[in-house]
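Below is one structure, written out as structure tokens, with a few remarks after it.
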Amino acid sequence: TNLNDIFNNPALAVLKDVARLRAGTVLEASDGNKLLGKLGHRVIEKLFQQEDSLHWSQGQAESWFDSIVDTLLHAEGAPLLMPGMSVELHRFKQTCRRAVVSLLTHLQAAGAAQVQTEVEIEGAFAGEPFIAILDLLVTLPKGRRVVLDLKWSRAKHYRELLSEGRHLQLALYAGLARDVLGELPATVGYFIFQGAELMVTHQGVFPGAEVCLPPGGATLSEIYVAAIATWKWRQGEWSEGTVEWVDKRFGKLEDAKRPEGTLALEEVGRYEIG
């Protein structure tokens with residue numbers, strides 16, 4: 001997230017860090033989804049702590065989920081247990097149960113041998129220390145690996161990130177995984193709880209997943225190289241005392257001047273100081 005601000009709107013990154021810029025109240029409606037996403041992450045984390053869970057049937061997965069969900073909610077999801085939240089509670093359980101089964105089905109179809117959750121990898125990006133925490137690191141046959149990011153909702157948004165080649169975070173994770181683990185992931189992608197959708201960037205890895213090919217066949221390595229070029233560009237501006245403010249009100253972002261080989265600019269969140 002910090003790199004996204006630095007790349008696309010350096011002045012905003014500075015304001016958030018130095019002036020403690022905060023999101024306006026218009027964004028507060030997302031708090032509920034953050035809780036649901038956190039709980040969903042915890043379910044998947046617990047799932048792959050269970051022995052042999054990769055080989056469970058649909059019935060086994062559903063029975064396991066039903067056996068642990070109430071304990072998890074009492075420990076970490078108290079807002080969903082409050083009066084008036086019965087509909088949201090039911091929807092969470094229904095969505096998460098379906099997602100567990102769908103994710104297992106995709107992993108089994110790909111022949112996954114191991115799934116690690118919340119994997120921390122330390123390395124460097126453009127010569128700077130960089131730490132990535134991978135939601136899911138999947139090991140496939142022949143030692144191939146996959147990096148997946150878990151999201152609660154907004155499938156359309158993440159589909160667009162992949163299909164437009166704007167999946168910066170995943171490309172950075174892939175580059176770091178290559179440097180630390182020895183090779184690029186076979187694919188990267190998002191698993192969305194709502195809708196139980198898996199979307200990836202490469203064909204032939206997950207038979208039932210949606211494949212979102214970046215424009216012009218842009219590879220993870222190409223996006224990673226463009227990210228390094230963008231970092232060096234922004235670092236050069238800062239060394240000259242320039243901190244750019246990027247805003248659509250100044251003109252179309254696609255018309256903004258930028259060095260060749262850098263990432264296209266995109267709008268980041270709207271903020272107010274308070």
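As shown in the structure tokens, the chain order sets the letters A, B, ...; within each chain, residues go from 1, and ligands are also counted from 1 in the order they appear.
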(request) Excluding segment 167-184 of chain A and residues on its chain fewer than 4 positions from it, collect all residues at most 6 Å away from it, counting only C-alpha atoms, and give them as a PyMOL selection string. (result) chain A and resi 161-162+220+224
Those same residues - N, CA, C and O atoms - I'd like them written as a JSON list (two decimals), in the first residue's frame.
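And here is the file that came out, result32.json:
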[["chain", "number", "residue", "atom", "x", "y", "z"],
["A", 161, "LEU", "N", -7.62, -5.36, -11.86],
["A", 161, "LEU", "CA", -6.19, -5.22, -11.57],
["A", 161, "LEU", "C", -5.38, -6.23, -12.38],
["A", 161, "LEU", "O", -4.35, -5.90, -12.97],
["A", 162, "LEU", "N", -5.85, -7.47, -12.40],
["A", 162, "LEU", "CA", -5.13, -8.51, -13.12],
["A", 162, "LEU", "C", -5.20, -8.31, -14.64],
["A", 162, "LEU", "O", -4.18, -8.36, -15.33],
["A", 220, "LEU", "N", 5.02, -11.17, -15.01],
["A", 220, "LEU", "CA", 5.33, -10.72, -13.65],
["A", 220, "LEU", "C", 6.69, -10.04, -13.62],
["A", 220, "LEU", "O", 6.87, -9.01, -12.95],
["A", 224, "TYR", "N", 7.51, -6.21, -12.52],
["A", 224, "TYR", "CA", 8.50, -6.00, -11.47],
["A", 224, "TYR", "C", 9.59, -5.03, -11.92],
["A", 224, "TYR", "O", 9.97, -4.12, -11.17]]
Sel. of alpha helix (DSSP H) residues, segment 36-271 of chain A, as a PDB file with C-alpha atoms, in the first residue's frame:
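Just written: part-v7.pdb:
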ATOM      1  CA  LEU A  36     -15.198 -10.104   7.667  1.00  0.00           C
ATOM      2  CA  GLY A  37     -11.943 -10.278   5.717  1.00  0.00           C
ATOM      3  CA  LYS A  38      -9.934 -10.711   8.902  1.00  0.00           C
ATOM      4  CA  LEU A  39     -12.218 -13.510  10.068  1.00  0.00           C
ATOM      5  CA  GLY A  40     -12.058 -15.148   6.656  1.00  0.00           C
ATOM      6  CA  HIS A  41      -8.260 -15.077   6.793  1.00  0.00           C
ATOM      7  CA  ARG A  42      -8.339 -16.710  10.221  1.00  0.00           C
ATOM      8  CA  VAL A  43     -10.622 -19.487   8.967  1.00  0.00           C
ATOM      9  CA  ILE A  44      -8.245 -20.295   6.106  1.00  0.00           C
ATOM     10  CA  GLU A  45      -5.258 -20.126   8.441  1.00  0.00           C
ATOM     11  CA  LYS A  46      -6.910 -22.597  10.802  1.00  0.00           C
ATOM     12  CA  LEU A  47      -7.992 -24.806   7.895  1.00  0.00           C
ATOM     13  CA  GLN A  58     -16.822 -31.241   0.768  1.00  0.00           C
ATOM     14  CA  GLY A  59     -18.652 -32.820   3.687  1.00  0.00           C
ATOM     15  CA  GLN A  60     -15.539 -32.975   5.838  1.00  0.00           C
ATOM     16  CA  ALA A  61     -14.710 -29.329   5.106  1.00  0.00           C
ATOM     17  CA  GLU A  62     -18.225 -28.148   5.902  1.00  0.00           C
ATOM     18  CA  SER A  63     -18.374 -30.173   9.131  1.00  0.00           C
ATOM     19  CA  TRP A  64     -15.013 -28.797  10.253  1.00  0.00           C
ATOM     20  CA  PHE A  65     -16.101 -25.204   9.515  1.00  0.00           C
ATOM     21  CA  ASP A  66     -19.333 -25.634  11.459  1.00  0.00           C
ATOM     22  CA  SER A  67     -17.387 -27.026  14.403  1.00  0.00           C
ATOM     23  CA  ILE A  68     -14.977 -24.067  14.727  1.00  0.00           C
ATOM     24  CA  VAL A  69     -16.853 -20.989  13.511  1.00  0.00           C
ATOM     25  CA  ASP A  70     -18.736 -20.144  16.723  1.00  0.00           C
ATOM     26  CA  THR A  71     -15.586 -20.365  18.830  1.00  0.00           C
ATOM     27  CA  LEU A  72     -13.771 -18.103  16.362  1.00  0.00           C
ATOM     28  CA  LEU A  73     -16.590 -15.571  16.367  1.00  0.00           C
ATOM     29  CA  HIS A  74     -16.692 -15.380  20.172  1.00  0.00           C
ATOM     30  CA  ALA A  75     -12.926 -14.848  20.247  1.00  0.00           C
ATOM     31  CA  GLU A  76     -12.459 -12.462  17.325  1.00  0.00           C
ATOM     32  CA  SER A  86     -28.245 -11.921  12.751  1.00  0.00           C
ATOM     33  CA  VAL A  87     -28.514 -11.391   8.987  1.00  0.00           C
ATOM     34  CA  GLU A  88     -24.855 -10.387   8.677  1.00  0.00           C
ATOM     35  CA  LEU A  89     -23.855 -13.335  10.881  1.00  0.00           C
ATOM     36  CA  HIS A  90     -25.775 -15.800   8.735  1.00  0.00           C
ATOM     37  CA  ARG A  91     -24.338 -14.282   5.557  1.00  0.00           C
ATOM     38  CA  PHE A  92     -20.780 -14.527   6.913  1.00  0.00           C
ATOM     39  CA  LYS A  93     -21.176 -18.202   7.808  1.00  0.00           C
ATOM     40  CA  GLN A  94     -22.777 -19.036   4.481  1.00  0.00           C
ATOM     41  CA  THR A  95     -20.159 -17.148   2.460  1.00  0.00           C
ATOM     42  CA  CYS A  96     -17.192 -18.513   4.405  1.00  0.00           C
ATOM     43  CA  ARG A  97     -18.406 -22.112   4.362  1.00  0.00           C
ATOM     44  CA  ARG A  98     -18.825 -21.969   0.595  1.00  0.00           C
ATOM     45  CA  ALA A  99     -15.404 -20.318   0.181  1.00  0.00           C
ATOM     46  CA  VAL A 100     -13.631 -23.027   2.184  1.00  0.00           C
ATOM     47  CA  VAL A 101     -15.084 -25.741  -0.027  1.00  0.00           C
ATOM     48  CA  SER A 102     -14.344 -23.832  -3.246  1.00  0.00           C
ATOM     49  CA  LEU A 103     -10.735 -23.064  -2.312  1.00  0.00           C
ATOM     50  CA  LEU A 104     -10.078 -26.702  -1.406  1.00  0.00           C
ATOM     51  CA  THR A 105     -11.621 -27.830  -4.682  1.00  0.00           C
ATOM     52  CA  HIS A 106      -9.323 -25.526  -6.687  1.00  0.00           C
ATOM     53  CA  LEU A 107      -6.238 -26.624  -4.757  1.00  0.00           C
ATOM     54  CA  GLN A 108      -7.082 -30.306  -5.152  1.00  0.00           C
ATOM     55  CA  ALA A 109      -7.644 -29.868  -8.896  1.00  0.00           C
ATOM     56  CA  ALA A 155     -14.119  -9.291  -7.261  1.00  0.00           C
ATOM     57  CA  LYS A 156     -14.663  -6.840 -10.123  1.00  0.00           C
ATOM     58  CA  HIS A 157     -11.920  -4.554  -8.823  1.00  0.00           C
ATOM     59  CA  TYR A 158      -9.347  -7.326  -8.442  1.00  0.00           C
ATOM     60  CA  ARG A 159     -10.287  -8.836 -11.794  1.00  0.00           C
ATOM     61  CA  GLU A 160      -9.545  -5.452 -13.367  1.00  0.00           C
ATOM     62  CA  LEU A 161      -6.192  -5.223 -11.568  1.00  0.00           C
ATOM     63  CA  LEU A 162      -5.132  -8.511 -13.122  1.00  0.00           C
ATOM     64  CA  SER A 163      -6.574  -7.986 -16.588  1.00  0.00           C
ATOM     65  CA  LEU A 168       1.646  -4.391  -8.364  1.00  0.00           C
ATOM     66  CA  GLN A 169       1.538  -6.033  -4.946  1.00  0.00           C
ATOM     67  CA  LEU A 170       1.389  -9.542  -6.378  1.00  0.00           C
ATOM     68  CA  ALA A 171       4.185  -8.775  -8.865  1.00  0.00           C
ATOM     69  CA  LEU A 172       6.393  -7.500  -6.037  1.00  0.00           C
ATOM     70  CA  TYR A 173       5.629 -10.609  -3.996  1.00  0.00           C
ATOM     71  CA  ALA A 174       6.470 -12.769  -7.001  1.00  0.00           C
ATOM     72  CA  GLY A 175       9.764 -10.958  -7.543  1.00  0.00           C
ATOM     73  CA  LEU A 176      10.707 -11.371  -3.903  1.00  0.00           C
ATOM     74  CA  ALA A 177       9.713 -15.049  -3.991  1.00  0.00           C
ATOM     75  CA  ARG A 178      11.962 -15.529  -7.028  1.00  0.00           C
ATOM     76  CA  ASP A 179      14.919 -13.910  -5.272  1.00  0.00           C
ATOM     77  CA  VAL A 180      14.432 -15.824  -2.005  1.00  0.00           C
ATOM     78  CA  LEU A 181      12.976 -19.159  -3.157  1.00  0.00           C
ATOM     79  CA  LEU A 220       5.331 -10.718 -13.653  1.00  0.00           C
ATOM     80  CA  SER A 221       8.984  -9.988 -14.386  1.00  0.00           C
ATOM     81  CA  GLU A 222       8.072  -7.101 -16.688  1.00  0.00           C
ATOM     82  CA  ILE A 223       5.779  -5.546 -14.072  1.00  0.00           C
ATOM     83  CA  TYR A 224       8.496  -6.003 -11.466  1.00  0.00           C
ATOM     84  CA  VAL A 225      11.111  -4.302 -13.681  1.00  0.00           C
ATOM     85  CA  ALA A 226       8.685  -1.422 -14.337  1.00  0.00           C
ATOM     86  CA  ALA A 227       8.139  -1.104 -10.576  1.00  0.00           C
ATOM     87  CA  ILE A 228      11.892  -0.746 -10.022  1.00  0.00           C
ATOM     88  CA  ALA A 229      12.051   1.902 -12.744  1.00  0.00           C
ATOM     89  CA  THR A 230       9.155   3.755 -11.107  1.00  0.00           C
ATOM     90  CA  TRP A 231      10.843   3.626  -7.692  1.00  0.00           C
ATOM     91  CA  LYS A 232      14.065   5.049  -9.138  1.00  0.00           C
ATOM     92  CA  TRP A 233      12.100   7.804 -10.881  1.00  0.00           C
ATOM     93  CA  ARG A 234      10.341   8.848  -7.681  1.00  0.00           C
ATOM     94  CA  GLN A 235      13.568   8.611  -5.685  1.00  0.00           C
ATOM     95  CA  GLY A 236      15.231  10.876  -8.240  1.00  0.00           C
ATOM     96  CA  GLU A 237      12.440  13.445  -7.876  1.00  0.00           C
ATOM     97  CA  TRP A 238      12.799  13.454  -4.107  1.00  0.00           C
ATOM     98  CA  SER A 239      16.564  13.915  -4.296  1.00  0.00           C
TER      99      SER A 239
END
(message) Just checking: using only C-alpha atoms, which residue out of A:Gly261, A:Met85, A:Val243, A:Val205 ends up closest to Asn9 of chain A?
(response) A:Val243
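Between atom CA of Asp149 of chain A and atom CA of Phe191 of chain A lies a distance of 6.3 Å.
Reported to one decimal place, the separation of atom CA of Phe193 of chain A from atom CA of Lys151 of chain A is 6.4 Å.
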(request) Kindly indicate which residue among A:Glu266, A:Glu197, A:Glu164, A:Glu240 lies nearest to Cys212 of chain A, using only C-alpha atoms for the distances. (result) A:Glu164
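Coordinates place atom CA of Phe125 of chain A at a distance of 21.9 Å from atom CA of Lys16 of chain A.
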(message) Neighbouring residues of Phe206 of chain A were defined as those with any atom within 10 Å, considering only C-alpha atoms; residues of the same chain fewer than 3 positions away were excluded. Please report them as a PyMOL selection string.
(response) chain A and resi 105-112+187+198-200+202-203+209-211
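You can rank A:Phe130, A:Leu263, A:Glu51, A:Lys142 by their closest distance to Asn4 of chain A using only C-alpha atoms, and at the top of that list sits A:Leu263.
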